[in-house]
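Chemist: Contents of run.cif (mmCIF, N, CA and C atoms):
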```
data_structure
loop_
_atom_site.label_atom_id
_atom_site.label_comp_id
_atom_site.auth_asym_id
_atom_site.auth_seq_id
_atom_site.Cartn_x
_atom_site.Cartn_y
_atom_site.Cartn_z
N MET O 1 0.85 -1.18 0.00
CA MET O 1 0.00 0.00 0.00
C MET O 1 0.89 1.24 0.00
N PRO O 2 0.69 2.18 -0.93
CA PRO O 2 1.55 3.37 -0.99
C PRO O 2 1.30 4.29 0.20
N SER O 3 2.38 4.98 0.61
CA SER O 3 2.29 5.90 1.73
C SER O 3 1.83 7.27 1.26
N ASN O 4 1.03 7.94 2.07
CA ASN O 4 0.58 9.30 1.76
C ASN O 4 1.56 10.34 2.25
N ARG O 5 2.61 9.94 2.91
CA ARG O 5 3.58 10.90 3.45
C ARG O 5 4.59 11.30 2.40
N LEU O 6 5.01 12.54 2.46
CA LEU O 6 6.05 13.03 1.56
C LEU O 6 7.39 12.91 2.25
N ASN O 7 8.40 12.50 1.50
CA ASN O 7 9.74 12.53 2.07
C ASN O 7 10.43 13.78 1.56
N SER O 8 11.60 14.08 2.10
CA SER O 8 12.28 15.33 1.79
C SER O 8 12.59 15.50 0.32
N SER O 9 12.80 14.41 -0.41
CA SER O 9 13.13 14.55 -1.84
C SER O 9 11.90 14.92 -2.66
N GLN O 10 10.71 14.75 -2.11
CA GLN O 10 9.50 15.09 -2.83
C GLN O 10 9.06 16.53 -2.61
N ILE O 11 9.73 17.25 -1.73
CA ILE O 11 9.35 18.62 -1.42
C ILE O 11 10.20 19.57 -2.27
N ALA O 12 9.55 20.46 -2.96
CA ALA O 12 10.24 21.40 -3.85
C ALA O 12 11.27 22.20 -3.09
N GLY O 13 12.42 22.35 -3.66
CA GLY O 13 13.46 23.18 -3.06
C GLY O 13 14.27 22.47 -2.00
N SER O 14 14.03 21.21 -1.77
CA SER O 14 14.76 20.49 -0.75
C SER O 14 15.80 19.60 -1.40
N SER O 15 17.05 19.78 -1.02
CA SER O 15 18.08 18.93 -1.56
C SER O 15 18.82 18.17 -0.48
N SER O 16 18.91 18.73 0.71
CA SER O 16 19.70 18.10 1.77
C SER O 16 18.89 17.10 2.57
N GLY O 17 17.59 17.12 2.46
CA GLY O 17 16.77 16.22 3.26
C GLY O 17 16.33 16.86 4.57
N GLU O 18 17.04 17.92 5.01
CA GLU O 18 16.63 18.63 6.23
C GLU O 18 16.06 19.97 5.83
N LEU O 19 14.95 20.28 6.42
CA LEU O 19 14.28 21.53 6.08
C LEU O 19 14.31 22.48 7.25
N GLY O 20 14.64 23.73 6.95
CA GLY O 20 14.51 24.77 7.95
C GLY O 20 13.05 25.17 8.04
N SER O 21 12.72 25.93 9.07
CA SER O 21 11.32 26.31 9.24
C SER O 21 10.81 27.10 8.05
N SER O 22 11.67 27.91 7.43
CA SER O 22 11.20 28.72 6.31
C SER O 22 10.87 27.84 5.10
N GLU O 23 11.61 26.74 4.92
CA GLU O 23 11.31 25.85 3.80
C GLU O 23 10.03 25.06 4.07
N ARG O 24 9.85 24.62 5.30
CA ARG O 24 8.64 23.86 5.64
C ARG O 24 7.40 24.70 5.43
N LEU O 25 7.49 25.96 5.77
CA LEU O 25 6.33 26.84 5.69
C LEU O 25 6.30 27.66 4.41
N ASN O 26 7.37 27.56 3.63
CA ASN O 26 7.50 28.33 2.41
C ASN O 26 7.36 29.83 2.69
N THR O 27 8.01 30.27 3.76
CA THR O 27 8.00 31.68 4.14
C THR O 27 9.42 32.11 4.43
N PRO O 28 9.70 33.40 4.37
CA PRO O 28 11.04 33.85 4.73
C PRO O 28 11.31 33.57 6.21
N GLU O 29 12.58 33.36 6.55
CA GLU O 29 12.96 33.03 7.93
C GLU O 29 12.53 34.13 8.89
N THR O 30 12.74 35.38 8.52
CA THR O 30 12.28 36.49 9.36
C THR O 30 11.36 37.36 8.52
N PRO O 31 10.09 37.43 8.92
CA PRO O 31 9.15 38.23 8.14
C PRO O 31 9.50 39.71 8.21
N ALA O 32 9.10 40.40 7.18
CA ALA O 32 9.32 41.84 7.17
C ALA O 32 8.56 42.47 8.33
N ALA O 33 9.18 43.39 9.00
CA ALA O 33 8.54 44.04 10.15
C ALA O 33 7.36 44.88 9.68
N LEU O 34 6.28 44.76 10.40
CA LEU O 34 5.11 45.57 10.10
C LEU O 34 5.04 46.73 11.08
N PRO O 35 4.64 47.88 10.62
CA PRO O 35 4.51 49.00 11.54
C PRO O 35 3.51 48.66 12.64
N GLU O 36 3.82 49.06 13.86
CA GLU O 36 2.96 48.75 15.00
C GLU O 36 1.53 49.23 14.78
N GLU O 37 1.37 50.38 14.14
CA GLU O 37 0.02 50.89 13.94
C GLU O 37 -0.79 49.96 13.03
N ARG O 38 -0.12 49.25 12.11
CA ARG O 38 -0.84 48.32 11.24
C ARG O 38 -1.26 47.08 12.01
N LEU O 39 -0.42 46.63 12.93
CA LEU O 39 -0.73 45.45 13.71
C LEU O 39 -1.90 45.70 14.66
N ASN O 40 -2.03 46.93 15.11
CA ASN O 40 -3.05 47.25 16.11
C ASN O 40 -4.25 48.01 15.56
N THR O 41 -4.41 48.03 14.26
CA THR O 41 -5.45 48.85 13.65
C THR O 41 -6.82 48.54 14.22
N LYS O 42 -7.23 47.26 14.20
CA LYS O 42 -8.58 46.92 14.66
C LYS O 42 -8.72 47.19 16.15
N VAL O 43 -7.71 46.85 16.93
CA VAL O 43 -7.77 47.10 18.36
C VAL O 43 -7.90 48.59 18.61
N ASN O 44 -7.09 49.39 17.94
CA ASN O 44 -7.13 50.83 18.12
C ASN O 44 -8.47 51.41 17.66
N ASN O 45 -9.03 50.88 16.59
CA ASN O 45 -10.32 51.38 16.12
C ASN O 45 -11.37 51.20 17.20
N PHE O 46 -11.39 50.03 17.86
CA PHE O 46 -12.38 49.84 18.92
C PHE O 46 -12.03 50.70 20.12
N THR O 47 -10.76 50.76 20.50
CA THR O 47 -10.35 51.52 21.69
C THR O 47 -10.73 52.99 21.54
N GLN O 48 -10.54 53.54 20.36
CA GLN O 48 -10.88 54.95 20.15
C GLN O 48 -12.38 55.19 20.27
N GLN O 49 -13.20 54.18 19.98
CA GLN O 49 -14.63 54.35 20.01
C GLN O 49 -15.25 53.93 21.34
N GLU O 50 -14.50 53.24 22.19
CA GLU O 50 -15.13 52.63 23.35
C GLU O 50 -15.69 53.63 24.37
N GLU O 51 -15.22 54.86 24.35
CA GLU O 51 -15.79 55.86 25.25
C GLU O 51 -17.27 56.07 24.96
N ASN O 52 -17.63 56.01 23.69
CA ASN O 52 -19.00 56.25 23.27
C ASN O 52 -19.77 54.97 22.96
N LEU O 53 -19.09 53.83 22.86
CA LEU O 53 -19.70 52.62 22.37
C LEU O 53 -19.12 51.41 23.09
N ASN O 54 -19.96 50.60 23.73
CA ASN O 54 -19.43 49.41 24.36
C ASN O 54 -19.33 48.27 23.34
N ILE O 55 -18.70 47.18 23.72
CA ILE O 55 -18.45 46.07 22.78
C ILE O 55 -19.75 45.50 22.24
N ARG O 56 -20.79 45.46 23.06
CA ARG O 56 -22.08 44.93 22.60
C ARG O 56 -22.67 45.82 21.51
N GLU O 57 -22.60 47.13 21.73
CA GLU O 57 -23.10 48.07 20.73
C GLU O 57 -22.25 48.03 19.46
N TYR O 58 -20.98 47.75 19.62
CA TYR O 58 -20.05 47.67 18.48
C TYR O 58 -20.35 46.44 17.62
N LEU O 59 -20.61 45.28 18.27
CA LEU O 59 -20.83 44.03 17.54
C LEU O 59 -22.24 43.89 16.97
N GLU O 60 -23.22 44.43 17.66
CA GLU O 60 -24.62 44.19 17.30
C GLU O 60 -24.98 44.56 15.86
N PRO O 61 -24.53 45.70 15.32
CA PRO O 61 -24.88 46.00 13.93
C PRO O 61 -24.29 44.99 12.93
N MET O 62 -23.18 44.37 13.28
CA MET O 62 -22.54 43.41 12.38
C MET O 62 -23.13 42.01 12.53
N PHE O 63 -23.55 41.66 13.75
CA PHE O 63 -24.02 40.31 14.06
C PHE O 63 -25.28 40.40 14.92
N GLU O 64 -26.39 40.61 14.29
CA GLU O 64 -27.65 40.81 15.00
C GLU O 64 -28.04 39.57 15.80
N GLY O 65 -28.49 39.80 17.03
CA GLY O 65 -29.02 38.71 17.85
C GLY O 65 -28.00 37.94 18.66
N LEU O 66 -26.79 38.46 18.81
CA LEU O 66 -25.79 37.77 19.63
C LEU O 66 -26.26 37.66 21.08
N LEU O 67 -25.87 36.59 21.75
CA LEU O 67 -26.15 36.43 23.17
C LEU O 67 -24.86 36.64 23.95
N TYR O 68 -24.98 37.29 25.10
CA TYR O 68 -23.83 37.62 25.94
C TYR O 68 -24.07 37.08 27.35
N LEU O 69 -23.00 36.98 28.13
CA LEU O 69 -23.16 36.73 29.55
C LEU O 69 -23.92 37.91 30.12
N SER O 70 -24.80 37.65 31.07
CA SER O 70 -25.70 38.71 31.52
C SER O 70 -25.00 39.88 32.19
N GLU O 71 -23.93 39.64 32.94
CA GLU O 71 -23.24 40.73 33.62
C GLU O 71 -22.26 41.42 32.67
N PRO O 72 -22.41 42.73 32.49
CA PRO O 72 -21.56 43.45 31.54
C PRO O 72 -20.06 43.43 31.88
N GLU O 73 -19.69 43.17 33.15
CA GLU O 73 -18.25 43.13 33.46
C GLU O 73 -17.54 42.00 32.72
N PHE O 74 -18.28 40.98 32.27
CA PHE O 74 -17.67 39.90 31.50
C PHE O 74 -17.35 40.31 30.07
N ASP O 75 -17.84 41.47 29.64
CA ASP O 75 -17.52 41.95 28.30
C ASP O 75 -16.01 42.11 28.11
N ALA O 76 -15.29 42.35 29.19
CA ALA O 76 -13.83 42.49 29.10
C ALA O 76 -13.17 41.17 28.69
N ALA O 77 -13.89 40.06 28.80
CA ALA O 77 -13.35 38.75 28.43
C ALA O 77 -13.71 38.35 27.00
N ILE O 78 -14.47 39.19 26.29
CA ILE O 78 -14.82 38.88 24.90
C ILE O 78 -13.58 39.01 24.03
N VAL O 79 -13.29 37.95 23.27
CA VAL O 79 -12.13 37.98 22.38
C VAL O 79 -12.51 37.99 20.92
N GLY O 80 -13.79 37.82 20.64
CA GLY O 80 -14.23 37.86 19.24
C GLY O 80 -15.54 37.15 19.06
N VAL O 81 -15.78 36.74 17.81
CA VAL O 81 -16.96 35.96 17.46
C VAL O 81 -16.51 34.74 16.70
N ALA O 82 -17.37 33.72 16.67
CA ALA O 82 -17.04 32.48 15.95
C ALA O 82 -18.17 32.10 15.02
N ASP O 83 -17.80 31.56 13.89
CA ASP O 83 -18.76 31.06 12.92
C ASP O 83 -18.59 29.55 12.81
N ARG O 84 -19.73 28.87 12.71
CA ARG O 84 -19.72 27.42 12.52
C ARG O 84 -20.67 27.12 11.37
N ILE O 85 -20.33 26.15 10.57
CA ILE O 85 -21.13 25.84 9.40
C ILE O 85 -22.57 25.49 9.79
N GLY O 86 -23.49 26.13 9.12
CA GLY O 86 -24.90 25.88 9.36
C GLY O 86 -25.43 26.43 10.67
N MET O 87 -24.64 27.23 11.37
CA MET O 87 -25.07 27.78 12.65
C MET O 87 -24.83 29.29 12.65
N GLU O 88 -25.49 29.94 13.58
CA GLU O 88 -25.36 31.39 13.72
C GLU O 88 -24.02 31.77 14.34
N THR O 89 -23.57 32.97 14.09
CA THR O 89 -22.37 33.53 14.71
C THR O 89 -22.61 33.67 16.21
N VAL O 90 -21.58 33.35 17.01
CA VAL O 90 -21.69 33.45 18.47
C VAL O 90 -20.53 34.26 19.03
N VAL O 91 -20.74 34.83 20.22
CA VAL O 91 -19.71 35.56 20.93
C VAL O 91 -18.72 34.55 21.52
N VAL O 92 -17.44 34.91 21.54
CA VAL O 92 -16.41 34.04 22.12
C VAL O 92 -15.74 34.77 23.28
N TYR O 93 -15.70 34.10 24.42
CA TYR O 93 -15.07 34.62 25.63
C TYR O 93 -13.79 33.85 25.91
N ASP O 94 -12.81 34.52 26.49
CA ASP O 94 -11.57 33.90 26.97
C ASP O 94 -11.85 33.32 28.36
N THR O 95 -11.79 32.00 28.47
CA THR O 95 -12.09 31.30 29.72
C THR O 95 -11.29 31.86 30.89
N SER O 96 -9.99 32.05 30.70
CA SER O 96 -9.12 32.52 31.77
C SER O 96 -9.54 33.90 32.26
N LYS O 97 -9.92 34.77 31.31
CA LYS O 97 -10.36 36.12 31.69
C LYS O 97 -11.68 36.08 32.46
N VAL O 98 -12.58 35.18 32.06
CA VAL O 98 -13.86 35.03 32.78
C VAL O 98 -13.57 34.61 34.22
N ILE O 99 -12.68 33.65 34.39
CA ILE O 99 -12.34 33.17 35.74
C ILE O 99 -11.65 34.27 36.53
N ASP O 100 -10.77 35.04 35.89
CA ASP O 100 -10.12 36.18 36.57
C ASP O 100 -11.16 37.19 37.06
N ILE O 101 -12.16 37.47 36.23
CA ILE O 101 -13.21 38.42 36.60
C ILE O 101 -14.00 37.88 37.80
N LEU O 102 -14.30 36.59 37.80
CA LEU O 102 -15.00 36.00 38.95
C LEU O 102 -14.18 36.14 40.22
N CYS O 103 -12.87 35.90 40.12
CA CYS O 103 -11.99 36.03 41.30
C CYS O 103 -12.02 37.45 41.83
N GLU O 104 -11.87 38.40 40.92
CA GLU O 104 -11.83 39.81 41.31
C GLU O 104 -13.17 40.31 41.83
N ARG O 105 -14.20 40.04 41.08
CA ARG O 105 -15.53 40.56 41.40
C ARG O 105 -16.13 39.94 42.66
N ASP O 106 -15.97 38.62 42.80
CA ASP O 106 -16.65 37.91 43.87
C ASP O 106 -15.73 37.47 45.00
N GLY O 107 -14.44 37.80 44.89
CA GLY O 107 -13.49 37.43 45.93
C GLY O 107 -13.24 35.94 46.04
N MET O 108 -13.44 35.22 44.96
CA MET O 108 -13.21 33.78 44.96
C MET O 108 -11.73 33.49 44.71
N ASP O 109 -11.26 32.33 45.21
CA ASP O 109 -9.94 31.89 44.78
C ASP O 109 -10.13 31.20 43.42
N ARG O 110 -9.02 30.88 42.77
CA ARG O 110 -9.08 30.34 41.40
C ARG O 110 -9.89 29.04 41.34
N GLU O 111 -9.73 28.19 42.32
CA GLU O 111 -10.45 26.91 42.33
C GLU O 111 -11.97 27.14 42.45
N GLN O 112 -12.37 28.03 43.34
CA GLN O 112 -13.80 28.34 43.50
C GLN O 112 -14.37 28.97 42.22
N ALA O 113 -13.61 29.88 41.64
CA ALA O 113 -14.07 30.55 40.43
C ALA O 113 -14.19 29.56 39.27
N THR O 114 -13.25 28.64 39.18
CA THR O 114 -13.29 27.61 38.12
C THR O 114 -14.52 26.72 38.30
N GLU O 115 -14.79 26.32 39.53
CA GLU O 115 -15.96 25.49 39.80
C GLU O 115 -17.25 26.24 39.45
N PHE O 116 -17.32 27.51 39.86
CA PHE O 116 -18.49 28.33 39.54
C PHE O 116 -18.66 28.45 38.04
N TYR O 117 -17.56 28.73 37.34
CA TYR O 117 -17.57 28.86 35.88
C TYR O 117 -18.09 27.57 35.22
N GLU O 118 -17.54 26.44 35.64
CA GLU O 118 -17.92 25.16 35.03
C GLU O 118 -19.39 24.84 35.24
N PHE O 119 -19.92 25.13 36.39
CA PHE O 119 -21.30 24.77 36.69
C PHE O 119 -22.30 25.81 36.18
N ASN O 120 -22.03 27.08 36.44
CA ASN O 120 -23.00 28.14 36.17
C ASN O 120 -22.86 28.84 34.83
N ILE O 121 -21.68 28.81 34.27
CA ILE O 121 -21.48 29.56 33.01
C ILE O 121 -21.37 28.59 31.84
N ILE O 122 -20.36 27.75 31.83
CA ILE O 122 -20.18 26.83 30.71
C ILE O 122 -21.31 25.80 30.69
N GLY O 123 -21.91 25.53 31.83
CA GLY O 123 -22.98 24.55 31.91
C GLY O 123 -24.34 25.08 31.53
N ALA O 124 -24.43 26.35 31.15
CA ALA O 124 -25.72 26.94 30.81
C ALA O 124 -25.89 26.99 29.30
N TYR O 125 -26.77 26.16 28.77
CA TYR O 125 -27.09 26.20 27.35
C TYR O 125 -28.34 27.05 27.17
N VAL O 126 -28.24 28.09 26.34
CA VAL O 126 -29.38 28.98 26.13
C VAL O 126 -29.80 29.02 24.67
N GLY O 127 -29.50 27.96 23.96
CA GLY O 127 -29.90 27.88 22.56
C GLY O 127 -28.72 27.91 21.61
N GLU O 128 -29.06 27.96 20.34
CA GLU O 128 -28.04 27.89 19.29
C GLU O 128 -27.02 29.02 19.36
N ARG O 129 -27.39 30.11 19.94
CA ARG O 129 -26.49 31.26 20.03
C ARG O 129 -25.76 31.33 21.37
N THR O 130 -25.74 30.23 22.13
CA THR O 130 -24.99 30.18 23.38
C THR O 130 -23.54 30.57 23.09
N PRO O 131 -22.97 31.48 23.86
CA PRO O 131 -21.57 31.87 23.62
C PRO O 131 -20.61 30.69 23.72
N MET O 132 -19.47 30.85 23.08
CA MET O 132 -18.38 29.86 23.16
C MET O 132 -17.32 30.41 24.11
N PHE O 133 -16.56 29.49 24.68
CA PHE O 133 -15.49 29.85 25.60
C PHE O 133 -14.22 29.17 25.12
N ILE O 134 -13.18 29.97 24.94
CA ILE O 134 -11.92 29.45 24.40
C ILE O 134 -10.85 29.46 25.48
N THR O 135 -10.07 28.40 25.49
CA THR O 135 -8.90 28.35 26.35
C THR O 135 -7.70 28.52 25.44
N LEU O 136 -6.95 29.57 25.63
CA LEU O 136 -5.81 29.87 24.78
C LEU O 136 -4.66 28.91 25.08
N ILE O 137 -3.86 28.64 24.07
CA ILE O 137 -2.72 27.73 24.21
C ILE O 137 -1.82 28.16 25.34
N ASP O 138 -1.55 29.47 25.47
CA ASP O 138 -0.68 29.95 26.55
C ASP O 138 -1.22 29.56 27.92
N ASP O 139 -2.56 29.56 28.07
CA ASP O 139 -3.17 29.19 29.34
C ASP O 139 -3.07 27.69 29.61
N LEU O 140 -3.02 26.91 28.56
CA LEU O 140 -2.86 25.45 28.71
C LEU O 140 -1.45 25.08 29.12
N MET O 141 -0.49 25.93 28.81
CA MET O 141 0.92 25.61 29.04
C MET O 141 1.43 26.10 30.40
N LEU O 142 0.54 26.61 31.24
CA LEU O 142 0.95 27.11 32.56
C LEU O 142 1.39 25.99 33.46
#
```
Please render this file's structure as structure tokens.

Modeler:
Amino acid sequence: MPSNRLNSSQIAGSSSGELGSSERLNTPETPAALPEERLNTKVNNFTQQEENLNIREYLEPMFEGLLYLSEPEFDAAIVGVADRIGMETVVVYDTSKVIDILCERDGMDREQATEFYEFNIIGAYVGERTPMFITLIDDLML
């Protein structure tokens, strides 16, 4: 049975059999530096408007009918929105930030806040538009 794996001789531009990261990804070893203002454009656009517009008001015209956690202090944990095939767009919260807010707001330790989060927040299904909660790779590597 033939193998579906490519060996180094089958990869364009490879002669030694060992590939550097730039060859594996077909990208330059060090990307051209981007101006900081370009990297932060979207963040800055929202930050400049946030005095007059909260995140819910910002997202609602683009994604009508989004569901949020009921307490507005959790808006600080919103990291974006997610799309899934055949389903409506949903709000995405950073799990670690939600737990941090619970610790700060309610004076819980991390274990208590995690238990509260798991039972009362992640355990609450409110329909197809129930928010999603993401655990970032950096938080998994602690």

Chemist: Measuring atom to atom with only C-alpha atoms, identify which of O:Val81, O:Glu111, O:Glu88, O:Tyr58 is nearest to Gly127 (chain O).

Modeler: O:Glu88

Chemist: Enumerate, as a PyMOL selection string, the residues matched when the PyMOL selection byres ((chain O and resi 128) around 8) is run on the file above.

Modeler: chain O and resi 87-90+125-127+129-131

Chemist: Have a look at atom N of Asp106 (chain O) and CA of Leu142 (chain O) and let me know their distance in Å, one decimal.

Modeler: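 Computing the Euclidean distance for atom N of Asp106 (chain O) and CA of Leu142 (chain O) yields 22.9 Å.
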
Chemist: Taking into account only C-alpha atoms, which residue in the set O:Ser70, O:Asp83, O:Ile78, O:Ile134 is nearest to Asn120 (chain O)?

Modeler: O:Ser70

Chemist: Provide the CA of Pro61 (chain O) to CA of Lys97 (chain O) distance in Å, to one decimal place.

Modeler: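 The value is 25.0 Å.
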
Chemist: Residue by residue, what does the PyMOL selection byres (((chain O and resi 117 and name CA) around 12) and name CA) grab here? Present the result as a list in words.

Modeler: Leu69, Phe74, Asp94, Thr95, Ser96, Lys97, Val98, Ile99, Asp100, Ile101, Leu102, Cys103, Met108, Arg110, Glu111, Gln112, Ala113, Thr114, Glu115, Phe116, Glu118, Phe119, Asn120, Ile121, Ile122, Gly123, Ala124 and Phe133 of chain O

Chemist: Using CA of Glu71 (chain O) and CA of Met141 (chain O) as the two end points, give the distance in Å to one decimal.

Modeler: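 Result for CA of Glu71 (chain O) versus CA of Met141 (chain O): 28.9 Å, one decimal.
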